[in-house]
Each structure stands twice: as structure tokens, then as C-alpha cells.
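Structure file model17.txt with compact mmCIF, C-alpha atoms:
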# COMPACT_ATOMS: atom_id res chain seq x y z
CA MET L 1 -115.00 -70.91 -52.29
CA SER L 2 -118.05 -71.47 -50.07
CA ASP L 3 -117.92 -72.17 -46.32
CA ARG L 4 -118.90 -75.79 -47.04
CA ASP L 5 -115.90 -76.30 -49.33
CA ARG L 6 -113.39 -75.02 -46.82
CA LYS L 7 -111.92 -77.32 -44.21
CA PRO L 8 -112.47 -76.41 -40.56
CA PRO L 9 -109.34 -75.26 -38.68
CA PHE L 10 -109.87 -78.04 -36.12
CA PRO L 11 -110.22 -81.72 -37.05
CA ARG L 12 -113.36 -83.62 -36.21
CA GLN L 13 -112.79 -86.19 -33.51
CA GLY L 14 -112.91 -89.62 -35.10
CA GLY L 15 -114.41 -88.45 -38.37
CA LYS L 16 -117.95 -87.46 -39.25
CA SER L 17 -119.64 -90.42 -37.61
CA SER L 18 -118.01 -90.15 -34.19
CA GLY L 19 -117.70 -87.64 -31.37
CA LYS L 20 -120.03 -86.71 -28.55
CA PHE L 21 -122.54 -84.91 -30.76
CA ALA L 22 -122.20 -87.10 -33.85
CA GLY L 23 -124.41 -89.90 -35.10
CA LYS L 24 -127.86 -90.38 -33.62
CA PRO L 25 -128.98 -87.23 -31.80
CA ARG L 26 -128.47 -87.48 -28.08
CA LYS L 27 -130.94 -86.09 -25.58
CA PHE L 28 -129.41 -83.54 -23.24
CA GLU L 29 -130.86 -82.18 -20.06
CA ARG L 30 -131.38 -78.50 -20.73
CA PRO L 31 -130.04 -76.06 -18.13
CA GLN L 32 -132.71 -74.75 -15.77
CA PRO L 33 -133.54 -71.02 -15.98
CA TRP L 34 -132.08 -70.57 -12.52
CA ARG L 35 -130.99 -72.79 -9.71
CA ASP L 36 -130.64 -71.85 -6.05
CA ARG L 37 -126.94 -71.70 -5.17
CA GLU L 38 -127.63 -73.40 -1.84
CA GLN L 39 -128.65 -76.56 -3.67
CA GLY L 40 -125.13 -76.76 -5.07
CA SER L 41 -124.13 -78.38 -8.33
CA ASP L 42 -121.55 -80.93 -9.32
CA GLY L 43 -121.99 -80.10 -12.98
CA PRO L 44 -120.04 -77.64 -15.09
CA VAL L 45 -120.92 -74.05 -15.85
CA ILE L 46 -122.52 -73.76 -19.29
CA LEU L 47 -121.29 -70.86 -21.39
CA TYR L 48 -122.53 -70.02 -24.88
CA GLY L 49 -122.42 -67.12 -27.30
CA TRP L 50 -119.47 -65.28 -28.82
CA HIS L 51 -118.67 -62.72 -26.10
CA THR L 52 -119.43 -65.11 -23.25
CA VAL L 53 -117.19 -67.89 -24.52
CA THR L 54 -114.34 -65.81 -25.95
CA LEU L 55 -113.92 -63.81 -22.75
CA ALA L 56 -113.92 -67.07 -20.80
CA LEU L 57 -111.22 -68.42 -23.11
CA GLY L 58 -109.17 -65.32 -22.41
CA ASN L 59 -109.60 -65.50 -18.64
CA PRO L 60 -106.62 -67.30 -17.02
CA LYS L 61 -108.76 -68.01 -13.94
CA ARG L 62 -111.39 -69.92 -15.97
CA ARG L 63 -110.78 -73.63 -16.57
CA ILE L 64 -112.52 -74.84 -19.72
CA ARG L 65 -113.46 -78.53 -19.64
CA LYS L 66 -114.99 -78.95 -23.10
CA LEU L 67 -115.52 -76.72 -26.10
CA TYR L 68 -117.98 -77.31 -28.93
CA LEU L 69 -117.77 -75.17 -32.06
CA THR L 70 -119.46 -74.98 -35.42
CA GLU L 71 -117.16 -74.75 -38.44
CA ASN L 72 -117.91 -71.05 -38.85
CA ALA L 73 -117.23 -70.30 -35.19
CA ALA L 74 -113.98 -72.28 -35.29
CA ARG L 75 -112.89 -70.39 -38.40
CA ARG L 76 -113.67 -67.06 -36.75
CA LEU L 77 -111.69 -67.97 -33.63
CA ALA L 78 -108.73 -68.94 -35.81
CA ASP L 79 -109.01 -65.73 -37.86
CA GLU L 80 -109.01 -63.63 -34.68
CA ARG L 81 -106.18 -65.73 -33.19
CA ILE L 82 -108.14 -66.63 -30.06
CA GLU L 83 -106.63 -69.58 -28.20
CA THR L 84 -109.10 -72.31 -27.31
CA LYS L 85 -107.30 -73.75 -24.22
CA VAL L 86 -108.68 -77.23 -25.05
CA THR L 87 -109.04 -79.15 -28.30
CA PRO L 88 -112.54 -78.25 -29.53
CA GLU L 89 -115.05 -80.60 -31.06
CA ILE L 90 -116.60 -79.43 -34.34
CA VAL L 91 -120.38 -79.89 -34.36
CA ARG L 92 -123.41 -78.79 -36.34
CA PRO L 93 -125.44 -75.78 -35.12
CA SER L 94 -128.45 -78.04 -34.61
CA GLN L 95 -126.47 -80.15 -32.17
CA ILE L 96 -125.84 -77.12 -29.97
CA ASP L 97 -129.53 -76.24 -30.37
CA GLN L 98 -130.30 -79.71 -29.04
CA ARG L 99 -128.29 -79.01 -25.91
CA LEU L 100 -129.54 -75.48 -25.23
CA GLY L 101 -132.90 -75.27 -26.94
CA PRO L 102 -133.80 -73.60 -30.23
CA ASP L 103 -134.24 -70.12 -28.72
CA ALA L 104 -130.67 -69.86 -27.38
CA VAL L 105 -128.52 -67.50 -29.45
CA HIS L 106 -125.26 -69.44 -29.21
CA GLN L 107 -123.50 -68.19 -32.38
CA GLY L 108 -121.88 -71.59 -32.78
CA LEU L 109 -120.01 -71.73 -29.44
CA LEU L 110 -120.72 -73.83 -26.34
CA ALA L 111 -118.29 -74.38 -23.49
CA GLU L 112 -118.40 -76.41 -20.30
CA ALA L 113 -116.25 -74.85 -17.61
CA ASP L 114 -115.48 -74.85 -13.91
CA PRO L 115 -117.12 -72.10 -11.83
CA LEU L 116 -114.96 -69.14 -10.92
CA PRO L 117 -114.01 -68.96 -7.23
CA SER L 118 -115.94 -66.62 -4.94
CA PRO L 119 -113.55 -64.06 -3.39
CA ASP L 120 -113.65 -63.16 0.30
CA ILE L 121 -115.39 -59.90 1.15
CA ASP L 122 -112.38 -58.86 3.24
CA THR L 123 -110.17 -58.96 0.15
CA LEU L 124 -112.16 -56.18 -1.55
CA ALA L 125 -110.26 -52.96 -1.99
CA ALA L 126 -112.10 -50.10 -0.26
CA GLU L 127 -112.47 -48.04 -3.44
CA GLY L 128 -114.90 -47.37 -6.26
CA MET L 129 -118.32 -49.00 -6.31
CA ILE L 130 -119.74 -52.44 -5.65
CA LEU L 131 -123.26 -53.81 -6.07
CA VAL L 132 -125.15 -55.87 -3.49
CA LEU L 133 -128.07 -57.97 -4.76
CA ASP L 134 -130.79 -58.91 -2.28
CA GLN L 135 -132.37 -62.14 -3.58
CA ILE L 136 -132.68 -61.17 -7.25
CA THR L 137 -133.54 -64.49 -8.87
CA ASP L 138 -134.16 -63.68 -12.55
CA PRO L 139 -131.03 -64.72 -14.49
CA HIS L 140 -131.76 -62.22 -17.28
CA ASN L 141 -131.80 -59.37 -14.77
CA VAL L 142 -128.68 -60.53 -12.95
CA GLY L 143 -126.87 -60.98 -16.27
CA ALA L 144 -127.88 -57.49 -17.41
CA ILE L 145 -126.74 -56.07 -14.05
CA LEU L 146 -123.38 -57.80 -14.47
CA ARG L 147 -122.98 -56.29 -17.92
CA SER L 148 -123.70 -52.80 -16.58
CA ALA L 149 -121.36 -53.45 -13.65
CA ALA L 150 -118.53 -54.23 -16.06
CA ALA L 151 -119.27 -51.07 -18.02
CA PHE L 152 -119.01 -48.94 -14.85
CA ASP L 153 -115.92 -50.72 -13.50
CA VAL L 154 -117.76 -52.13 -10.49
CA LYS L 155 -115.23 -53.90 -8.27
CA ALA L 156 -117.50 -56.80 -7.24
CA ILE L 157 -121.06 -58.02 -6.92
CA VAL L 158 -122.14 -59.37 -3.54
CA THR L 159 -125.07 -61.78 -3.48
CA THR L 160 -126.65 -64.46 -1.34
CA ALA L 161 -126.05 -68.20 -1.56
CA ARG L 162 -129.82 -68.74 -1.44
CA HIS L 163 -132.34 -67.24 -3.83
CA SER L 164 -129.86 -66.22 -6.50
CA PRO L 165 -129.20 -67.79 -9.89
CA GLU L 166 -126.04 -69.71 -10.64
CA ALA L 167 -123.52 -68.06 -12.94
CA THR L 168 -124.29 -70.31 -15.89
CA GLY L 169 -126.51 -70.62 -18.97
CA VAL L 170 -128.95 -67.75 -19.48
CA LEU L 171 -127.29 -65.55 -16.85
CA ALA L 172 -123.87 -65.96 -18.47
CA LYS L 173 -125.28 -65.18 -21.94
CA SER L 174 -127.14 -62.11 -20.64
CA ALA L 175 -123.92 -60.91 -19.00
CA SER L 176 -122.18 -61.04 -22.41
CA GLY L 177 -118.77 -61.90 -20.96
CA ALA L 178 -119.03 -59.77 -17.80
CA LEU L 179 -118.76 -62.91 -15.64
CA GLU L 180 -115.06 -62.88 -16.46
CA LEU L 181 -114.67 -59.19 -15.54
CA VAL L 182 -116.65 -58.66 -12.32
CA PRO L 183 -115.99 -60.92 -9.31
CA ILE L 184 -119.08 -62.39 -7.62
CA ILE L 185 -118.92 -62.76 -3.84
CA THR L 186 -121.44 -65.28 -2.57
CA LEU L 187 -122.37 -65.17 1.13
CA GLN L 188 -124.91 -66.81 3.41
CA ASN L 189 -126.01 -63.73 5.36
CA LEU L 190 -126.50 -60.46 3.50
CA ALA L 191 -127.14 -58.31 6.59
CA ARG L 192 -123.88 -59.52 8.11
CA ALA L 193 -122.10 -58.73 4.85
CA LEU L 194 -123.51 -55.18 4.84
CA THR L 195 -122.36 -54.72 8.43
CA ARG L 196 -118.89 -55.90 7.45
CA LEU L 197 -118.83 -53.49 4.49
CA ASP L 198 -119.86 -50.66 6.80
CA GLU L 199 -117.02 -51.57 9.18
CA ARG L 200 -114.60 -51.40 6.26
CA GLY L 201 -115.70 -47.89 5.36
CA PHE L 202 -118.24 -48.55 2.59
CA GLN L 203 -121.29 -46.33 2.35
CA THR L 204 -124.18 -48.77 1.93
CA VAL L 205 -127.06 -47.21 0.01
CA GLY L 206 -130.21 -49.28 -0.42
CA LEU L 207 -132.38 -48.44 -3.43
CA ASP L 208 -136.11 -48.67 -2.86
CA SER L 209 -139.01 -46.97 -4.65
CA ALA L 210 -140.46 -46.18 -1.20
CA GLY L 211 -137.20 -44.74 0.11
CA PRO L 212 -137.52 -41.61 2.27
CA THR L 213 -135.19 -39.48 0.15
CA ASP L 214 -134.13 -39.06 -3.48
CA ILE L 215 -130.66 -40.45 -4.17
CA ALA L 216 -129.84 -37.06 -5.72
CA ALA L 217 -130.05 -35.57 -2.21
CA VAL L 218 -127.69 -38.14 -0.68
CA ALA L 219 -124.06 -37.12 -0.19
CA LEU L 220 -122.50 -40.15 -1.89
CA ARG L 221 -118.92 -41.04 -1.10
CA GLU L 222 -116.34 -43.63 -2.06
CA PRO L 223 -116.22 -46.58 -1.47
CA LEU L 224 -119.89 -47.00 -2.33
CA ALA L 225 -122.06 -50.12 -2.08
CA LEU L 226 -125.38 -49.84 -3.95
CA VAL L 227 -127.93 -52.36 -2.69
CA LEU L 228 -130.70 -53.60 -5.00
CA GLY L 229 -133.76 -55.63 -4.06
CA ALA L 230 -135.76 -58.26 -5.91
CA GLU L 231 -138.44 -57.48 -8.47
CA GLY L 232 -141.75 -56.75 -6.76
CA LYS L 233 -140.57 -57.39 -3.20
CA GLY L 234 -137.77 -54.85 -3.16
CA LEU L 235 -135.34 -54.84 -0.26
CA ARG L 236 -136.07 -57.16 2.63
CA GLN L 237 -136.77 -55.48 5.96
CA LEU L 238 -133.50 -56.52 7.60
CA THR L 239 -131.57 -55.38 4.53
CA ARG L 240 -133.25 -51.96 4.68
CA GLU L 241 -132.47 -51.63 8.37
CA THR L 242 -128.81 -52.57 7.83
CA CYS L 243 -128.13 -50.09 5.01
CA SER L 244 -126.68 -46.77 6.13
CA VAL L 245 -129.04 -44.95 3.74
CA VAL L 246 -132.22 -45.98 1.91
CA ALA L 247 -133.00 -43.84 -1.13
CA ARG L 248 -135.29 -43.79 -4.14
CA LEU L 249 -134.71 -42.93 -7.78
CA ASP L 250 -137.07 -40.03 -8.54
CA MET L 251 -138.30 -39.80 -12.12
CA PRO L 252 -140.52 -37.21 -13.82
CA GLY L 253 -142.90 -39.62 -15.58
CA ALA L 254 -146.06 -41.36 -14.44
CA ILE L 255 -144.24 -44.67 -13.77
CA LYS L 256 -142.09 -44.29 -10.68
CA SER L 257 -140.34 -47.65 -10.55
CA LEU L 258 -137.97 -49.35 -12.99
CA ASN L 259 -136.99 -52.90 -13.79
CA VAL L 260 -134.17 -53.77 -11.38
CA SER L 261 -131.54 -54.01 -14.13
CA ASN L 262 -132.55 -50.57 -15.43
CA ALA L 263 -132.52 -49.17 -11.90
CA ALA L 264 -129.02 -50.60 -11.47
CA VAL L 265 -127.57 -48.87 -14.52
CA LEU L 266 -129.18 -45.55 -13.58
CA ALA L 267 -127.88 -45.79 -10.00
CA LEU L 268 -124.42 -46.71 -11.28
CA TYR L 269 -124.39 -43.70 -13.58
CA ILE L 270 -125.43 -41.40 -10.73
CA GLY L 271 -122.85 -42.95 -8.41
CA ALA L 272 -120.03 -42.82 -10.96
CA SER L 273 -120.86 -39.20 -11.85
CA ARG L 274 -121.04 -38.05 -8.24
CA LEU L 275 -117.84 -39.84 -7.25
CA GLY L 276 -115.90 -38.47 -10.20
CA LEU L 277 -115.39 -41.90 -11.74
CA MET L 278 -116.66 -41.03 -15.21
CA PRO L 279 -114.02 -40.42 -17.92
CA LYS L 280 -113.38 -36.79 -18.71

Full structure transcribed into C-alpha cells:
Amino acid sequence: MSDRDRKPPFPRQGGKSSGKFAGKPRKFERPQPWRDREQGSDGPVILYGWHTVTLALGNPKRRIRKLYLTENAARRLADERIETKVTPEIVRPSQIDQRLGPDAVHQGLLAEADPLPSPDIDTLAAEGMILVLDQITDPHNVGAILRSAAAFDVKAIVTTARHSPEATGVLAKSASGALELVPIITLQNLARALTRLDERGFQTVGLDSAGPTDIAAVALREPLALVLGAEGKGLRQLTRETCSVVARLDMPGAIKSLNVSNAAVLALYIGASRLGLMPK
């Protein structure tokens, strides 16, 4: 029996000719690549892709408003016994393409959800590692950093309300579900946040290609806050001055600087190894 001959596990709403995506194609406003958090947004968070959506469905803190699935995606969710939280609407892949754009790899899943709450910095346990992002605006980079953070059991990511992408769309897809695993703390003043972390016992280590010392020479200790700056600009001056240590990542090759997401994973590996956090 072919996929076309099998009935989807969820009924279409109102038959083939009805439903939000059915009938004459509707024009959707595509999500922007990134949007300054300070501008705010009354709209939902857009989540798409298998890992992104399924981890959101499994997160009790995530409220799903709407869920759109292709027949194949719905069948796969049913086969893997993944609860959908809300009654999904079965749509064609092209209808999700219409919403996201043809280049989005959605794998037949699109969800609209409420944003996750931003924890308070004072609620962070003084243990392990956290990441602090100083105005990194590229959603692909932030998403990749989130994914690495989840892999290294980072306790939280601290970022600014301004000049940082919202946790939606491309960022969420790049994070591959890590949005549901790593809390994001959004603050207005990064220097003040670093001062507060220092008061709570965190070692704040800023990473900069022009840092005065190699991170390998720094006596790292737990709890550790690794601070990363934006592509090109690096750490802002006030951020550098507020960190307890500013260090560089020395490499043997001709290129001495890395993409910020690559620098993050390397720094996390060094930090986890030095702090004894790697599995044995």
C-alpha cells in the first residue's frame, strides 16, 4: 500500500476543501531572519523541522497554539507515539513551503507556540558552565551555539534584549531542539549581568582573538561563564573590561580566528575538559 492510499492518523478539518491552508493558496508573511528583542512581538514563535517541533511537543513548559503536519509527518508522530498537545491540521508540504519559503527544511512539521519564559539570573545554580552572548545577531550562529550548549550541558545562555535574534524560525531550526533544553536569560544590561555573575562566584572569561593570554594558560574553575562577542566586532569594550579574564583561542594554522559558533564549541570542550565535566 502506498502512502497516498493510507489514511492519515489525524482527520482533515472540514474535509479537503476547508482548513486554514486549504483551497486557494493564502499569502503568509514570512518570518524575518532576525528581529531585535527590544522591538517585542505579539506573534507566536515559529518552530519547524522534526527535532525542533518534537522536542517542543515534549516540553511541558512549551504551549503549542497550532500544529500543521503533512500526512507523512503525522504518520511518523503516531508511529513514534509522540503526543501532539493540540489537534493538528493536515496540510500539503507546499503549503508549509508557502509559509516558510522553499528553502526551509521543515520535514512536514510547523508549529506556532508561545515563547518560553526568561529565567532570572539569580535563579541560576552556581555550577557547571554558562554562555554569555554579546550582541550576536546571526540566528544561524546563535542556533548552532544553542545546539553545542545542549551537547555540553550548559546551564543557561545569557544574552541582551537588544541586538539578539528572537528564539523563533531560523534560530529554532538551527538549534535543532536545543531551545527546549537550554534556558535563555534575556537582560537589558550585559555588563551589569556579568558583575552579578561575578558576585555569585562565576568566573567570567571573555573570548577574544586579541586576548592577552591563551585560554589554555588560564586556571579555569567552576562555575564558569564563557563570554562570546559578535562576528567581526568581537567583545564590546565595556564587556571586555567587566570580564574577570579575557583570553584567546590559540591555533596552529595560518587563520587565527574562528566563526563564533565554532569558537563556542571549542571553548566549551576546553572548559568541560578542564573542569572535569566530560564523561569518563

task: Quote the spacing between atom CA of His140 of chain L and atom CA of Val260 of chain L in Å to one decimal place.
output: 10.6 Å

task: Show which residues sit within 12 Å of Glu199 of chain L, as a ChimeraX atom specification. Count only C-alpha atoms, and ignore same-chain residues fewer than 2 positions away.
output: /L:121-122,126,192-197,201-204,223,242-244

query: So which residues touch Leu228 of chain L within 7 Å, counting only C-alpha atoms, skipping near sequence neighbours fewer than 4 positions away, as an MDAnalysis selection string?
result: chainID L and resid 132:134 206:207 235

query: Hey, what's within 12 Å of Ser176 of chain L if we count all atoms listed in the file and toss same-chain stuff fewer than 6 positions away? As a ChimeraX atom specification, please?
result: /L:47-56,105-106,140,142-151,167-170,182

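Of the residues under consideration (L:Ala247, L:Leu187, L:Leu238, L:Ala264), L:Ala247 shows the shortest atom-to-atom contact distance to Ser209 of chain L when counting only C-alpha atoms.
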
query: Skipping near chain neighbours, those fewer than 3 positions away, what residues fall within 7 Å of Ile90 of chain L using only C-alpha atoms, listed as a VMD selection string?
result: chain L and resid 12 68 to 71

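For Lys256 of chain L, the list of residues within 12 Å, based on only C-alpha atoms and with local chain neighbours fewer than 6 positions off taken out, reads Asp208, Ser209, Ala210, Gly211, Asp214, Arg248, Leu249, Asp250 and Ala263 of chain L.
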
As AutoDock Vina command-line options, what would the box around segment 148-166 of chain L look like: edges along x, y and z, 5 Å added on every side, centre and edge lengths in Å to one decimal?
--center_x -123.8 --center_y -59.3 --center_z -9.7 --size_x 27.1 --size_y 30.8 --size_z 26.7

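Here atom CA of Arg75 of chain L and atom CA of Pro44 of chain L stand 25.4 Å from one another.
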
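The nearest approach to Ile270 of chain L among the residues L:Arg221, L:Lys233, L:Arg162, L:Lys155, with only C-alpha atoms taken into account, belongs to L:Arg221.
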
query: Taking into account only C-alpha atoms, which residue in the set L:Leu266, L:Ala125, L:Leu116, L:Leu57 is nearest to Thr186 of chain L?
result: L:Leu116

query: Out of L:Pro88, L:Pro117, L:Leu220, L:Asn59, which residue has the shortest atom-to-atom distance to Arg274 of chain L when counting only C-alpha atoms?
result: L:Leu220

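Note that atom CA of Pro212 of chain L and atom CA of Glu241 of chain L are 12.8 Å apart.
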
- prompt: Pick the closest to Leu277 of chain L from L:Asp138, L:Glu127, L:Glu231, L:Glu166: which is it, counting only C-alpha atoms?
  reply: L:Glu127

Give me segment 169-180 of chain L with N, CA and C atoms filled in, as a PDB file, in the coordinates of the input.
ATOM      1  N   GLY L 169    -125.381 -70.630 -18.033  1.00  0.00           N
ATOM      2  CA  GLY L 169    -126.510 -70.620 -18.970  1.00  0.00           C
ATOM      3  C   GLY L 169    -127.000 -69.234 -19.344  1.00  0.00           C
ATOM      4  N   VAL L 170    -128.298 -68.992 -19.085  1.00  0.00           N
ATOM      5  CA  VAL L 170    -128.950 -67.750 -19.480  1.00  0.00           C
ATOM      6  C   VAL L 170    -128.287 -66.546 -18.818  1.00  0.00           C
ATOM      7  N   LEU L 171    -127.942 -66.662 -17.543  1.00  0.00           N
ATOM      8  CA  LEU L 171    -127.290 -65.550 -16.850  1.00  0.00           C
ATOM      9  C   LEU L 171    -125.976 -65.196 -17.545  1.00  0.00           C
ATOM     10  N   ALA L 172    -125.172 -66.201 -17.836  1.00  0.00           N
ATOM     11  CA  ALA L 172    -123.870 -65.960 -18.470  1.00  0.00           C
ATOM     12  C   ALA L 172    -124.053 -65.312 -19.842  1.00  0.00           C
ATOM     13  N   LYS L 173    -125.036 -65.772 -20.610  1.00  0.00           N
ATOM     14  CA  LYS L 173    -125.280 -65.180 -21.940  1.00  0.00           C
ATOM     15  C   LYS L 173    -125.748 -63.743 -21.802  1.00  0.00           C
ATOM     16  N   SER L 174    -126.644 -63.470 -20.845  1.00  0.00           N
ATOM     17  CA  SER L 174    -127.140 -62.110 -20.640  1.00  0.00           C
ATOM     18  C   SER L 174    -126.019 -61.180 -20.197  1.00  0.00           C
ATOM     19  N   ALA L 175    -125.044 -61.720 -19.471  1.00  0.00           N
ATOM     20  CA  ALA L 175    -123.920 -60.910 -19.000  1.00  0.00           C
ATOM     21  C   ALA L 175    -122.940 -60.579 -20.113  1.00  0.00           C
ATOM     22  N   SER L 176    -122.993 -61.314 -21.218  1.00  0.00           N
ATOM     23  CA  SER L 176    -122.180 -61.040 -22.410  1.00  0.00           C
ATOM     24  C   SER L 176    -120.690 -60.927 -22.091  1.00  0.00           C
ATOM     25  N   GLY L 177    -120.192 -61.864 -21.278  1.00  0.00           N
ATOM     26  CA  GLY L 177    -118.770 -61.900 -20.960  1.00  0.00           C
ATOM     27  C   GLY L 177    -118.404 -61.227 -19.650  1.00  0.00           C
ATOM     28  N   ALA L 178    -119.342 -60.516 -19.024  1.00  0.00           N
ATOM     29  CA  ALA L 178    -119.030 -59.770 -17.800  1.00  0.00           C
ATOM     30  C   ALA L 178    -118.715 -60.687 -16.623  1.00  0.00           C
ATOM     31  N   LEU L 179    -119.107 -61.955 -16.704  1.00  0.00           N
ATOM     32  CA  LEU L 179    -118.760 -62.910 -15.640  1.00  0.00           C
ATOM     33  C   LEU L 179    -117.246 -62.985 -15.452  1.00  0.00           C
ATOM     34  N   GLU L 180    -116.513 -62.782 -16.523  1.00  0.00           N
ATOM     35  CA  GLU L 180    -115.060 -62.880 -16.460  1.00  0.00           C
ATOM     36  C   GLU L 180    -114.418 -61.577 -15.974  1.00  0.00           C
TER      37      GLU L 180
END
